[in-house]
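Shown here: my_file25.txt, compact mmCIF, C-alpha atoms.
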# COMPACT_ATOMS: atom_id res chain seq x y z
CA MET A 99 -54.23 -32.82 75.03
CA SER A 100 -54.04 -29.48 76.79
CA THR A 101 -54.88 -30.65 80.26
CA PHE A 102 -53.36 -27.51 81.75
CA PRO A 103 -55.06 -24.39 80.43
CA LEU A 104 -52.67 -21.79 79.08
CA THR A 105 -51.89 -18.42 80.61
CA GLY A 106 -53.29 -15.64 78.44
CA SER A 107 -51.24 -12.96 76.77
CA GLN A 108 -51.19 -9.26 77.71
CA THR A 109 -49.57 -6.30 76.02
CA VAL A 110 -45.99 -5.32 76.82
CA GLY A 111 -47.37 -1.83 77.36
CA PRO A 112 -45.33 1.35 76.96
CA PHE A 113 -42.72 0.82 79.68
CA PHE A 114 -40.91 -2.41 78.85
CA SER A 115 -37.67 -0.91 77.59
CA PRO A 116 -35.75 -0.61 80.91
CA ALA A 117 -36.33 -4.33 81.49
CA LEU A 118 -36.34 -5.90 78.04
CA LEU A 119 -33.87 -3.59 76.31
CA ARG A 120 -31.38 -3.17 79.15
CA GLU A 121 -27.71 -3.85 78.62
CA GLY A 122 -27.35 -7.56 78.00
CA ALA A 123 -31.04 -8.01 77.15
CA ARG A 124 -30.91 -5.91 73.98
CA ARG A 125 -29.27 -7.94 71.20
CA ASN A 126 -29.01 -6.02 67.94
CA VAL A 127 -25.71 -7.65 67.05
CA LEU A 128 -25.90 -11.45 66.80
CA ILE A 129 -22.40 -12.03 65.49
CA LEU A 130 -18.85 -12.12 66.76
CA PRO A 131 -15.76 -11.68 64.58
CA GLU A 132 -15.33 -15.46 64.39
CA THR A 133 -18.96 -16.22 63.45
CA ALA A 134 -19.16 -18.15 60.19
CA GLY A 135 -21.27 -16.91 57.32
CA GLU A 136 -22.27 -14.06 55.09
CA ARG A 137 -22.71 -10.84 57.09
CA ILE A 138 -26.04 -9.16 56.60
CA ARG A 139 -27.70 -6.17 58.17
CA ILE A 140 -31.47 -6.16 58.59
CA GLU A 141 -33.21 -2.81 58.73
CA GLY A 142 -36.86 -1.91 58.81
CA CYS A 143 -39.63 0.08 60.39
CA VAL A 144 -42.69 -0.95 62.32
CA LEU A 145 -45.70 1.01 61.03
CA ASP A 146 -49.30 1.25 62.23
CA GLY A 147 -52.55 1.36 60.26
CA ASP A 148 -52.05 5.04 59.45
CA GLY A 149 -48.50 4.44 58.23
CA ILE A 150 -47.20 6.15 61.35
CA PRO A 151 -43.98 4.72 62.82
CA VAL A 152 -44.40 2.75 66.04
CA PRO A 153 -41.72 4.06 68.42
CA ASP A 154 -42.48 1.68 71.27
CA ALA A 155 -42.29 -1.73 69.63
CA MET A 156 -39.83 -4.57 70.14
CA VAL A 157 -38.77 -7.00 67.44
CA GLU A 158 -37.26 -10.39 68.27
CA ILE A 159 -35.65 -12.71 65.74
CA TRP A 160 -34.69 -16.38 65.87
CA GLN A 161 -32.65 -18.04 63.17
CA ALA A 162 -30.40 -20.91 62.25
CA ASN A 163 -26.70 -20.34 61.79
CA ALA A 164 -25.03 -20.08 58.41
CA HIS A 165 -24.85 -23.88 58.17
CA GLY A 166 -28.59 -24.27 58.74
CA ARG A 167 -28.47 -25.45 62.36
CA TYR A 168 -30.46 -24.07 65.28
CA ASN A 169 -28.73 -23.62 68.63
CA HIS A 170 -31.38 -25.77 70.31
CA PRO A 171 -31.54 -29.37 71.57
CA ALA A 172 -34.50 -30.19 69.31
CA ASP A 173 -32.37 -29.64 66.20
CA GLN A 174 -30.65 -32.98 65.73
CA GLY A 175 -29.51 -32.20 62.21
CA SER A 176 -26.03 -32.92 60.94
CA ALA A 177 -25.11 -29.32 60.15
CA PRO A 178 -22.50 -28.00 62.62
CA LEU A 179 -23.25 -25.71 65.52
CA ASP A 180 -21.35 -22.44 65.60
CA PRO A 181 -20.27 -21.77 69.20
CA SER A 182 -20.09 -18.06 68.41
CA PHE A 183 -23.69 -17.81 67.23
CA LEU A 184 -26.76 -18.03 69.44
CA GLY A 185 -29.31 -17.02 66.80
CA PHE A 186 -31.48 -14.74 68.95
CA GLY A 187 -31.86 -11.01 68.42
CA ARG A 188 -33.93 -8.35 70.17
CA SER A 189 -34.24 -4.75 69.01
CA GLY A 190 -36.38 -1.88 70.21
CA THR A 191 -37.76 0.63 67.74
CA ALA A 192 -36.56 4.23 67.63
CA GLU A 193 -38.72 7.35 67.37
CA ASP A 194 -38.88 6.77 63.61
CA GLY A 195 -40.10 3.18 64.13
CA SER A 196 -36.81 1.72 62.96
CA TYR A 197 -35.14 -1.45 64.20
CA TRP A 198 -31.96 -3.20 63.06
CA PHE A 199 -29.87 -6.34 63.40
CA GLU A 200 -26.41 -7.40 62.35
CA THR A 201 -26.33 -11.12 61.73
CA VAL A 202 -25.45 -13.77 59.18
CA LYS A 203 -27.70 -15.13 56.49
CA PRO A 204 -29.15 -18.38 57.85
CA GLY A 205 -28.61 -21.63 56.01
CA PRO A 206 -31.59 -23.73 54.95
CA VAL A 207 -33.17 -25.97 57.60
CA ALA A 208 -35.22 -29.12 57.15
CA PHE A 209 -38.96 -29.04 56.51
CA ASP A 210 -39.40 -32.79 56.58
CA ARG A 211 -37.21 -35.76 55.72
CA ASP A 212 -37.12 -34.91 52.05
CA ARG A 213 -37.49 -31.19 51.78
CA LEU A 214 -35.62 -28.10 52.94
CA GLN A 215 -37.12 -24.76 53.81
CA ALA A 216 -35.87 -21.64 52.11
CA PRO A 217 -33.54 -19.57 54.31
CA HIS A 218 -35.67 -17.53 56.67
CA ILE A 219 -35.67 -15.73 60.01
CA CYS A 220 -38.50 -16.04 62.52
CA VAL A 221 -39.80 -12.61 63.55
CA THR A 222 -41.88 -11.75 66.61
CA VAL A 223 -43.33 -8.28 67.22
CA PHE A 224 -44.42 -6.79 70.54
CA SER A 225 -45.78 -3.31 71.28
CA ARG A 226 -48.14 -1.22 73.28
CA GLY A 227 -51.53 -1.88 71.73
CA LEU A 228 -50.68 -5.45 70.77
CA LEU A 229 -52.52 -7.63 73.28
CA ASN A 230 -50.68 -10.65 71.90
CA HIS A 231 -47.41 -10.70 70.02
CA LEU A 232 -47.36 -11.11 66.27
CA VAL A 233 -45.50 -13.92 64.52
CA THR A 234 -44.14 -13.85 61.01
CA ARG A 235 -41.07 -14.78 58.95
CA LEU A 236 -38.50 -12.85 56.98
CA TYR A 237 -37.47 -14.41 53.65
CA PHE A 238 -34.82 -13.09 51.27
CA GLU A 239 -36.16 -11.73 47.98
CA ASP A 240 -33.15 -12.91 45.99
CA GLU A 241 -33.38 -16.52 47.20
CA PRO A 242 -34.41 -18.99 44.47
CA ALA A 243 -35.60 -21.55 47.03
CA ASN A 244 -38.50 -19.27 48.02
CA SER A 245 -40.68 -20.63 45.25
CA GLU A 246 -40.56 -24.11 46.77
CA ASP A 247 -40.86 -23.13 50.43
CA PRO A 248 -43.80 -24.98 52.03
CA VAL A 249 -44.54 -22.28 54.59
CA LEU A 250 -44.37 -19.41 52.13
CA GLN A 251 -46.74 -21.37 49.89
CA CYS A 252 -49.39 -21.12 52.64
CA VAL A 253 -49.39 -17.35 52.22
CA PRO A 254 -51.78 -16.01 49.56
CA ASP A 255 -49.91 -14.91 46.43
CA ASP A 256 -50.71 -11.24 46.82
CA ARG A 257 -49.42 -11.12 50.41
CA ARG A 258 -46.22 -13.14 49.94
CA VAL A 259 -44.32 -10.00 49.01
CA THR A 260 -44.79 -8.71 52.56
CA LEU A 261 -42.48 -11.48 53.81
CA LEU A 262 -39.67 -10.79 51.34
CA ALA A 263 -36.84 -8.64 52.64
CA ARG A 264 -35.57 -6.35 49.87
CA ARG A 265 -31.89 -6.29 49.14
CA GLU A 266 -30.79 -2.66 49.26
CA PRO A 267 -28.31 -1.18 46.81
CA ALA A 268 -24.92 -2.39 47.98
CA GLY A 269 -22.80 -0.30 50.31
CA ALA A 270 -20.11 -1.83 52.48
CA ALA A 271 -22.47 -4.40 54.01
CA THR A 272 -25.34 -6.35 52.55
CA VAL A 273 -28.55 -4.75 53.79
CA TYR A 274 -31.97 -6.34 53.66
CA ARG A 275 -34.94 -4.09 54.32
CA PHE A 276 -37.97 -5.60 56.07
CA ASP A 277 -40.75 -3.23 57.12
CA ILE A 278 -43.44 -4.59 59.39
CA VAL A 279 -46.88 -3.14 58.73
CA LEU A 280 -49.28 -3.93 61.56
CA GLN A 281 -52.49 -2.94 59.77
CA GLY A 282 -53.84 -1.80 56.42
CA ALA A 283 -53.52 -2.50 52.73
CA ASP A 284 -49.87 -3.47 52.95
CA GLU A 285 -50.34 -5.39 56.19
CA THR A 286 -47.60 -7.93 56.82
CA ALA A 287 -48.81 -11.54 56.64
CA PHE A 288 -48.84 -12.78 60.23
CA PHE A 289 -49.07 -16.43 61.25
CA ASN A 290 -51.45 -18.25 63.55
CA VAL A 291 -48.77 -20.06 65.52
CA MET B 13 -67.68 -0.05 80.91
CA ASN B 14 -69.54 0.53 77.66
CA THR B 15 -69.76 -2.15 75.06
CA THR B 16 -66.71 -2.35 72.88
CA THR B 17 -65.96 -3.55 69.40
CA ILE B 18 -64.00 -6.77 69.61
CA GLY B 19 -62.12 -8.02 66.58
CA ASP B 20 -62.10 -11.63 65.41
CA ILE B 21 -58.38 -11.88 64.64
CA VAL B 22 -56.83 -13.97 67.41
CA ARG B 23 -53.54 -15.84 67.58
CA GLY B 24 -53.85 -19.14 69.39
CA ASP B 25 -56.64 -20.41 71.62
CA ARG B 26 -59.70 -18.14 71.41
CA GLU B 27 -60.75 -19.10 74.93
CA VAL B 28 -57.47 -17.81 76.33
CA PHE B 29 -55.81 -15.21 74.11
CA PRO B 30 -57.19 -11.73 73.53
CA PRO B 31 -58.21 -10.50 70.09
CA TYR B 32 -55.86 -8.00 68.52
CA LEU B 33 -58.65 -5.44 68.17
CA TYR B 34 -60.31 -4.55 71.47
CA GLU B 35 -61.54 -1.01 71.00
CA ALA B 36 -61.94 -0.20 74.69
CA TYR B 37 -58.13 -0.39 74.77
CA GLN B 38 -57.61 2.47 72.37
CA SER B 39 -54.07 1.65 71.33
CA THR B 40 -55.31 -1.52 69.61
CA ARG B 41 -57.28 0.44 67.04
CA ARG B 42 -54.48 1.32 64.64
CA ARG B 43 -52.13 -1.47 65.60
CA ALA B 44 -54.33 -4.57 65.35
CA PRO B 45 -53.97 -6.59 62.15
CA THR B 46 -57.20 -6.80 60.20
CA LEU B 47 -56.43 -9.59 57.73
CA PRO B 48 -56.75 -13.26 58.70
CA LEU B 49 -53.72 -14.85 60.34
CA ILE B 50 -52.25 -17.58 58.20
CA ASP B 51 -52.22 -21.19 59.33
CA VAL B 52 -48.84 -22.70 58.63
CA PRO B 53 -47.31 -26.10 59.43
CA LEU B 54 -45.10 -26.20 62.48
CA THR B 55 -41.50 -26.82 61.52
CA LEU B 56 -38.15 -27.03 63.21
CA SER B 57 -38.15 -23.23 63.24
CA GLU B 58 -41.18 -23.10 65.55
CA LEU B 59 -40.30 -26.18 67.62
CA THR B 60 -36.95 -24.67 68.49
CA GLY B 61 -36.50 -21.22 69.99
CA PRO B 62 -34.07 -19.03 71.87
CA GLY B 63 -35.22 -20.02 75.38
CA PRO B 64 -32.64 -22.69 76.25
CA ALA B 65 -29.64 -20.83 74.85
CA ILE B 66 -30.50 -17.36 76.13
CA SER B 67 -31.55 -18.59 79.58
CA ALA B 68 -28.16 -20.22 80.05
CA ILE B 69 -26.22 -16.95 79.72
CA ILE B 70 -28.36 -14.29 81.42
CA PRO B 71 -27.47 -13.64 85.08
CA GLU B 72 -30.27 -13.59 87.63
CA ASP B 73 -31.40 -10.32 89.19
CA ALA B 74 -34.41 -11.38 91.23
CA ASP B 75 -34.36 -8.95 94.18
CA LEU B 76 -36.06 -5.78 93.00
CA THR B 77 -35.97 -4.26 96.48
CA ARG B 78 -32.19 -3.83 96.31
CA ASN B 79 -31.07 -3.94 92.69
CA ALA B 80 -30.98 -0.19 92.07
CA GLY B 81 -27.33 -0.11 93.02
CA THR B 82 -27.84 2.67 95.57
CA GLY B 83 -27.31 0.54 98.66
CA GLY B 84 -30.82 1.55 99.74
CA GLU B 85 -34.01 -0.45 99.84
CA ALA B 86 -37.16 0.25 97.83
CA ILE B 87 -40.12 1.76 99.69
CA GLY B 88 -43.32 -0.27 99.77
CA GLN B 89 -44.93 -3.45 101.00
CA ARG B 90 -42.27 -6.11 100.50
CA ILE B 91 -43.67 -9.16 98.65
CA ILE B 92 -42.43 -12.51 97.43
CA VAL B 93 -43.85 -13.58 94.08
CA THR B 94 -43.22 -17.23 93.29
CA GLY B 95 -44.72 -20.03 91.26
CA ARG B 96 -44.00 -22.56 88.58
CA VAL B 97 -43.73 -22.35 84.84
CA LEU B 98 -45.49 -25.38 83.37
CA ASP B 99 -46.33 -26.53 79.88
CA ASP B 100 -49.81 -27.47 78.77
CA ARG B 101 -49.28 -31.10 79.78
CA GLY B 102 -48.32 -30.00 83.28
CA ASN B 103 -44.61 -30.63 82.86
CA PRO B 104 -42.37 -28.11 84.61
CA VAL B 105 -40.37 -25.80 82.35
CA PRO B 106 -36.91 -25.76 83.94
CA ASN B 107 -34.05 -23.33 83.33
CA THR B 108 -36.07 -20.75 81.49
CA LEU B 109 -35.69 -16.99 81.69
CA LEU B 110 -38.37 -14.71 83.15
CA GLU B 111 -38.03 -10.96 82.85
CA ILE B 112 -40.34 -8.69 84.86
CA TRP B 113 -41.07 -4.99 85.14
CA GLN B 114 -43.46 -2.98 87.27
CA ALA B 115 -44.41 0.41 88.71
CA ASN B 116 -43.16 1.43 92.14
CA ALA B 117 -45.32 1.44 95.26
CA ALA B 118 -46.80 4.79 94.20
CA GLY B 119 -47.76 3.51 90.76
CA ARG B 120 -44.99 5.32 88.89
CA TYR B 121 -42.71 3.68 86.30
CA LEU B 122 -39.11 4.71 85.97
CA HIS B 123 -39.45 5.57 82.28
CA LYS B 124 -39.13 8.83 80.38
CA ARG B 125 -42.64 8.45 78.95
CA ASP B 126 -44.24 8.11 82.39
CA GLN B 127 -44.69 11.69 83.61
CA TRP B 128 -47.73 11.55 85.87
CA PRO B 129 -47.07 13.26 89.24
CA GLY B 130 -46.58 10.14 91.33
CA PRO B 131 -43.30 10.09 93.26
CA LEU B 132 -40.28 8.20 91.99
CA ASP B 133 -38.33 6.00 94.37
CA PRO B 134 -34.56 6.41 93.95
CA ASN B 135 -34.06 2.88 95.29
CA PHE B 136 -36.40 1.16 92.86
CA LEU B 137 -35.80 0.40 89.19
CA GLY B 138 -38.80 -1.90 88.79
CA ILE B 139 -36.97 -4.47 86.66
CA GLY B 140 -35.80 -7.99 87.43
CA ARG B 141 -35.09 -11.39 86.01
CA CYS B 142 -34.98 -14.96 87.20
CA VAL B 143 -34.33 -18.39 85.70
CA THR B 144 -36.61 -21.25 86.75
CA ASN B 145 -35.00 -24.10 88.66
CA GLU B 146 -35.15 -27.80 87.75
CA ASP B 147 -38.76 -27.95 89.00
CA GLY B 148 -39.81 -24.93 86.97
CA VAL B 149 -39.97 -22.71 90.07
CA TYR B 150 -39.22 -18.99 89.92
CA ARG B 151 -39.09 -16.53 92.83
CA PHE B 152 -38.86 -12.74 92.96
CA LEU B 153 -38.55 -10.42 95.92
CA THR B 154 -40.10 -7.03 95.16
CA ILE B 155 -42.55 -4.47 96.48
CA ARG B 156 -46.24 -4.37 95.71
CA PRO B 157 -46.81 -2.00 92.78
CA GLY B 158 -49.37 0.78 93.02
CA ALA B 159 -52.23 1.35 90.60
CA TYR B 160 -51.24 3.35 87.54
CA PRO B 161 -53.27 6.16 85.95
CA TRP B 162 -53.46 6.34 82.16
CA LEU B 163 -55.29 8.32 79.53
CA ASN B 164 -57.23 5.50 77.88
CA TYR B 165 -60.54 6.97 79.13
CA PRO B 166 -61.38 9.64 81.74
CA ASN B 167 -60.11 8.72 85.19
CA ALA B 168 -58.68 5.42 83.98
CA TRP B 169 -56.47 3.53 86.42
CA ARG B 170 -54.78 0.25 85.71
CA PRO B 171 -55.04 -2.34 88.47
CA ALA B 172 -51.75 -3.15 90.19
CA HIS B 173 -49.81 -5.56 88.00
CA ILE B 174 -46.38 -6.98 87.22
CA HIS B 175 -45.37 -7.55 83.61
CA PHE B 176 -43.82 -10.95 82.84
CA SER B 177 -41.86 -12.07 79.79
CA VAL B 178 -41.28 -15.82 79.48
CA PHE B 179 -39.29 -17.79 76.90
CA GLY B 180 -39.93 -21.48 77.55
CA PRO B 181 -38.60 -24.28 75.37
CA SER B 182 -39.69 -23.21 71.88
CA MET B 183 -41.08 -20.39 69.79
CA LEU B 184 -44.54 -21.70 70.67
CA SER B 185 -44.00 -21.05 74.37
CA ARG B 186 -42.99 -17.39 74.07
CA LEU B 187 -45.31 -15.34 76.27
CA VAL B 188 -45.57 -11.78 77.50
CA THR B 189 -48.32 -11.24 80.03
CA GLN B 190 -49.26 -9.46 83.25
CA MET B 191 -49.86 -10.76 86.76
CA TYR B 192 -52.56 -9.09 88.83
CA PHE B 193 -53.29 -9.09 92.57
CA PRO B 194 -56.38 -10.60 94.18
CA ASP B 195 -59.39 -8.54 95.29
CA ASP B 196 -58.53 -5.44 93.26
CA PRO B 197 -61.63 -3.28 92.61
CA LEU B 198 -60.07 -2.02 89.36
CA HIS B 199 -60.08 -5.40 87.63
CA HIS B 200 -63.54 -5.08 86.12
CA LEU B 201 -62.76 -1.61 84.72
CA ASP B 202 -59.52 -2.56 82.99
CA PRO B 203 -59.80 -3.10 79.23
CA ILE B 204 -56.42 -4.80 78.99
CA MET B 205 -57.32 -7.48 81.50
CA ASN B 206 -60.85 -7.76 80.14
CA ALA B 207 -59.61 -8.30 76.61
CA VAL B 208 -58.86 -11.84 77.79
CA PRO B 209 -62.06 -13.48 76.61
CA THR B 210 -63.21 -15.75 79.42
CA GLU B 211 -63.66 -15.39 83.16
CA GLN B 212 -61.59 -18.53 83.76
CA ALA B 213 -58.71 -17.24 81.66
CA ARG B 214 -58.83 -13.83 83.37
CA LYS B 215 -58.72 -15.50 86.79
CA ARG B 216 -55.55 -17.29 85.76
CA LEU B 217 -53.84 -13.90 85.47
CA ILE B 218 -54.48 -13.20 89.17
CA ALA B 219 -51.97 -14.36 91.76
CA ALA B 220 -53.17 -15.98 94.99
CA TYR B 221 -52.16 -14.77 98.40
CA ASP B 222 -50.31 -17.70 100.00
CA HIS B 223 -49.59 -17.62 103.69
CA ASN B 224 -47.08 -20.43 103.28
CA VAL B 225 -45.03 -18.13 101.07
CA THR B 226 -45.36 -15.21 103.48
CA GLU B 227 -42.32 -14.84 105.75
CA GLN B 228 -42.57 -13.60 109.31
CA GLU B 229 -41.61 -9.97 109.80
CA TRP B 230 -40.33 -9.88 106.25
CA ALA B 231 -42.69 -10.13 103.28
CA LEU B 232 -46.17 -11.13 102.09
CA GLY B 233 -46.31 -14.10 99.75
CA TYR B 234 -48.09 -14.47 96.41
CA ARG B 235 -48.20 -17.55 94.24
CA TRP B 236 -48.75 -17.45 90.49
CA ASP B 237 -48.20 -20.31 88.06
CA ILE B 238 -47.65 -19.66 84.36
CA VAL B 239 -48.66 -22.22 81.73
CA VAL B 240 -47.07 -21.96 78.30
CA ARG B 241 -47.62 -23.99 75.15
CA GLY B 242 -45.36 -27.02 75.05
CA PRO B 243 -43.34 -28.09 72.02
CA TYR B 244 -45.96 -30.69 71.12
CA VAL B 245 -47.57 -31.01 67.76
CA THR B 246 -50.34 -33.16 66.46
CA PRO B 247 -49.45 -35.12 63.33
CA PHE B 248 -51.76 -32.78 61.44
CA GLU B 249 -49.69 -29.75 62.41
CA SER B 250 -46.26 -31.25 62.03
CA SER B 251 -44.15 -31.10 58.93
CA ALA B 252 -42.04 -33.96 60.24
CA SER B 253 -44.95 -36.38 59.81
CA GLY B 254 -45.19 -35.67 56.12
CA GLU B 255 -48.77 -34.51 56.62
CA ALA B 256 -48.14 -30.83 56.60
CA LYS B 257 -51.10 -28.56 55.99
CA LEU B 258 -50.23 -27.47 52.48

Could you take the file, read its structure, and then write that structure out as structure tokens?
Amino acid sequence: MSTFPLTGSQTVGPFFSPALLREGARRNVLILPETAGERIRIEGCVLDGDGIPVPDAMVEIWQANAHGRYNHPADQGSAPLDPSFLGFGRSGTAEDGSYWFETVKPGPVAFDRDRLQAPHICVTVFSRGLLNHLVTRLYFEDEPANSEDPVLQCVPDDRRVTLLARREPAGAATVYRFDIVLQGADETAFFNV
Amino acid sequence: MNTTTIGDIVRGDREVFPPYLYEAYQSTRRRAPTLPLIDVPLTLSELTGPGPAISAIIPEDADLTRNAGTGGEAIGQRIIVTGRVLDDRGNPVPNTLLEIWQANAAGRYLHKRDQWPGPLDPNFLGIGRCVTNEDGVYRFLTIRPGAYPWLNYPNAWRPAHIHFSVFGPSMLSRLVTQMYFPDDPLHHLDPIMNAVPTEQARKRLIAAYDHNVTEQEWALGYRWDIVVRGPYVTPFESSASGEAKL
């Protein structure tokens, strides 16, 4: 059906930050005071095949709101929109490879007419040296619905753990840790989408 | 260029998208995934995306010759870069955000990690953004970037290029790529461009000079269309059909 051939991907290179992480383009904080839902903080590092932090990566996230509704016209579900929640985040990585977001835990969204997906956040990774971005998902390790999630079930058993954000010992906020390993034995499971 | 090891891990169409490992581009070596990508059914999460919502709130900033806030104009050959964003059925992608960045006319980026001795231009930031109109048309006014030297191999120079980031309607349409200029002798030496696997796909990264875009005593015109994956799924891919690949 692809009558129009696609435009190929190229790396973001090393110099994207003034454009893609400028004021207004950088979106570490997805929430406003009035946003509904359980506050969570996501923290992690992007690491290369030698375990060295990647200081020039960019992580984007896309998620449903706390009710399980995407801020998008294709989501015709009955869960309410939250006018104070867009659902998109974009973080650069620091010298130590770290990125972070402040958001709410997403509600479950539909898989098909009968089944829900486990709560998850779509994650996209860009960096110098990545000729095409990487696509994966963040799931929550303490979420019982994970065992029934039809996307997570596509991931081989021994790699599923790479998609589970670990709940950190509680401080003031709930922190989930999600490291992204580009290459190697602990390589994050990336998707062909 | 010597032969290079090319990996077999590719996301998307193998005729179009580069492999993650392309050894001639050295930075891929320790950053390319080595395990197979996982085929998953497309769900509401992939068929939605931030494009519509984010594009509605980001202000345009499409004149790179004057957006440094100095009151001065960037040095260089003034150019208009315009074209359409289409999906893979040829439908225009309206109201979608494009973000661009580029070197100045001397080939220097305004970035702390770019320290080669090319001159900076105080009137040029090299960043811009634009939202496509109802027909999917975007238009930037900028200056032609210079070639950029890098340390990938001895005497390596990147062909002149403009980086583009595009959202489109869904997660499937997200694209970051680079636009090149026609008739550049550096194209065949560039491992980033040549990581795109086919001649046809590489040609689609090159803008065309268009005299109808050129404006008298003002700017040269270049036309470059961008085609992104539409939010279409075959029944085999879709979870909504009940035939998910499980």

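Counting from CA of Thr109 (chain A), the distance to CA of Glu35 (chain B) is 14.0 Å.
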
Spatial neighbours of region 89-104 of chain B, max dist 9 Å, all atoms listed in the file, sep filter under 3 positions, as JSON, numbers by chain | {"A": [99, 100, 101, 102, 103, 104], "B": [77, 86, 108, 117, 144, 146, 147, 148, 149, 150, 151, 152, 153, 154, 155, 156, 157, 178, 180, 185, 219, 225, 226, 227, 230, 231, 232, 233, 234, 235, 236, 237, 238, 239, 240, 241, 242, 243]}

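Rounded to one decimal, CA of Pro267 (chain A) and CA of Gly135 (chain A) lie 20.2 Å from each other.
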
Chain A residues near chain B (8 Å cut-off, all atoms listed in the file) as a PyMOL selection string | chain A and resi 99-110+112-114+116-118+122+146-148+160-161+168-173+184-186+207-211+220+226-232+248-249+251-253+280-282+285+287-291

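Checking B:Asn107, B:His223, B:Gln127, B:His200 one by one against Leu163 (chain B), counting only C-alpha atoms, you find the shortest gap at B:Gln127.
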
For region 233-238 of chain A, find every residue with an atom within 7 Å (counting only C-alpha atoms), except residues of its own chain fewer than 2 positions away, and show them as a compact mmCIF listing (two decimals) with C-alpha atoms, in the coordinates of the input.
# COMPACT_ATOMS: atom_id res chain seq x y z
CA PRO A 217 -33.54 -19.57 54.31
CA HIS A 218 -35.67 -17.53 56.67
CA ILE A 219 -35.67 -15.73 60.01
CA CYS A 220 -38.50 -16.04 62.52
CA VAL A 221 -39.80 -12.61 63.55
CA THR A 222 -41.88 -11.75 66.61
CA VAL A 223 -43.33 -8.28 67.22
CA HIS A 231 -47.41 -10.70 70.02
CA ASP A 240 -33.15 -12.91 45.99
CA GLU A 241 -33.38 -16.52 47.20
CA LEU A 261 -42.48 -11.48 53.81
CA LEU A 262 -39.67 -10.79 51.34
CA ALA A 263 -36.84 -8.64 52.64
CA ARG A 264 -35.57 -6.35 49.87
CA ALA A 287 -48.81 -11.54 56.64
CA PHE A 288 -48.84 -12.78 60.23
CA PHE A 289 -49.07 -16.43 61.25

Identify, on the basis of all atoms listed in the file, every residue whose closest approach to Val127 (chain A) does not exceed 10 Å; exclude the query and any residue fewer than 6 positions from it along the same chain; express the result as a ChimeraX atom specification.
-> /A:139,186-189,198-202

Polymer residues at most 10 Å from Asn164 (chain B), only C-alpha atoms, same-chain spacing of 2 or more positions, as a PDB file with C-alpha atoms, in the coordinates of the input:
ATOM      1  CA  ALA B  36     -61.940  -0.200  74.690  1.00  0.00           C
ATOM      2  CA  TYR B  37     -58.130  -0.390  74.770  1.00  0.00           C
ATOM      3  CA  GLN B  38     -57.610   2.470  72.370  1.00  0.00           C
ATOM      4  CA  SER B  39     -54.070   1.650  71.330  1.00  0.00           C
ATOM      5  CA  PRO B 161     -53.270   6.160  85.950  1.00  0.00           C
ATOM      6  CA  TRP B 162     -53.460   6.340  82.160  1.00  0.00           C
ATOM      7  CA  PRO B 166     -61.380   9.640  81.740  1.00  0.00           C
ATOM      8  CA  ASN B 167     -60.110   8.720  85.190  1.00  0.00           C
ATOM      9  CA  ALA B 168     -58.680   5.420  83.980  1.00  0.00           C
ATOM     10  CA  TRP B 169     -56.470   3.530  86.420  1.00  0.00           C
ATOM     11  CA  ARG B 170     -54.780   0.250  85.710  1.00  0.00           C
ATOM     12  CA  ASP B 202     -59.520  -2.560  82.990  1.00  0.00           C
ATOM     13  CA  PRO B 203     -59.800  -3.100  79.230  1.00  0.00           C
TER      14      PRO B 203
END

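Note that CA of Leu250 (chain A) and CA of Ile150 (chain A) are 27.3 Å apart.
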
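Between Ala177 (chain A) and the residues A:His165, A:Arg265, A:Arg124, A:Arg258, the shortest atom-to-atom distance, using all atoms listed in the file, involves A:His165.
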
Could you pull the residues within 10 Å of Pro181 (chain A), counting only C-alpha atoms, minus those fewer than 5 positions along the same chain, as an NGL selection string?
-> :A and (132-134 or 163 or 169)

How about saving the chosen residues, C-alpha atoms kept, as an mmCIF file, in the coordinates of the input?
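Generated output (again.cif):
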data_model
loop_
_atom_site.group_PDB
_atom_site.id
_atom_site.type_symbol
_atom_site.label_atom_id
_atom_site.label_comp_id
_atom_site.auth_asym_id
_atom_site.auth_seq_id
_atom_site.Cartn_x
_atom_site.Cartn_y
_atom_site.Cartn_z
ATOM 1 C CA GLU A 132 -15.330 -15.460 64.390
ATOM 2 C CA THR A 133 -18.960 -16.220 63.450
ATOM 3 C CA ALA A 134 -19.160 -18.150 60.190
ATOM 4 C CA ASN A 163 -26.700 -20.340 61.790
ATOM 5 C CA ASN A 169 -28.730 -23.620 68.630
#

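Of the listed residues (B:Gly19, B:Gly83, B:Gly119, B:Pro194), B:Gly83 comes nearest to Asn135 (chain B); the distances count only C-alpha atoms.
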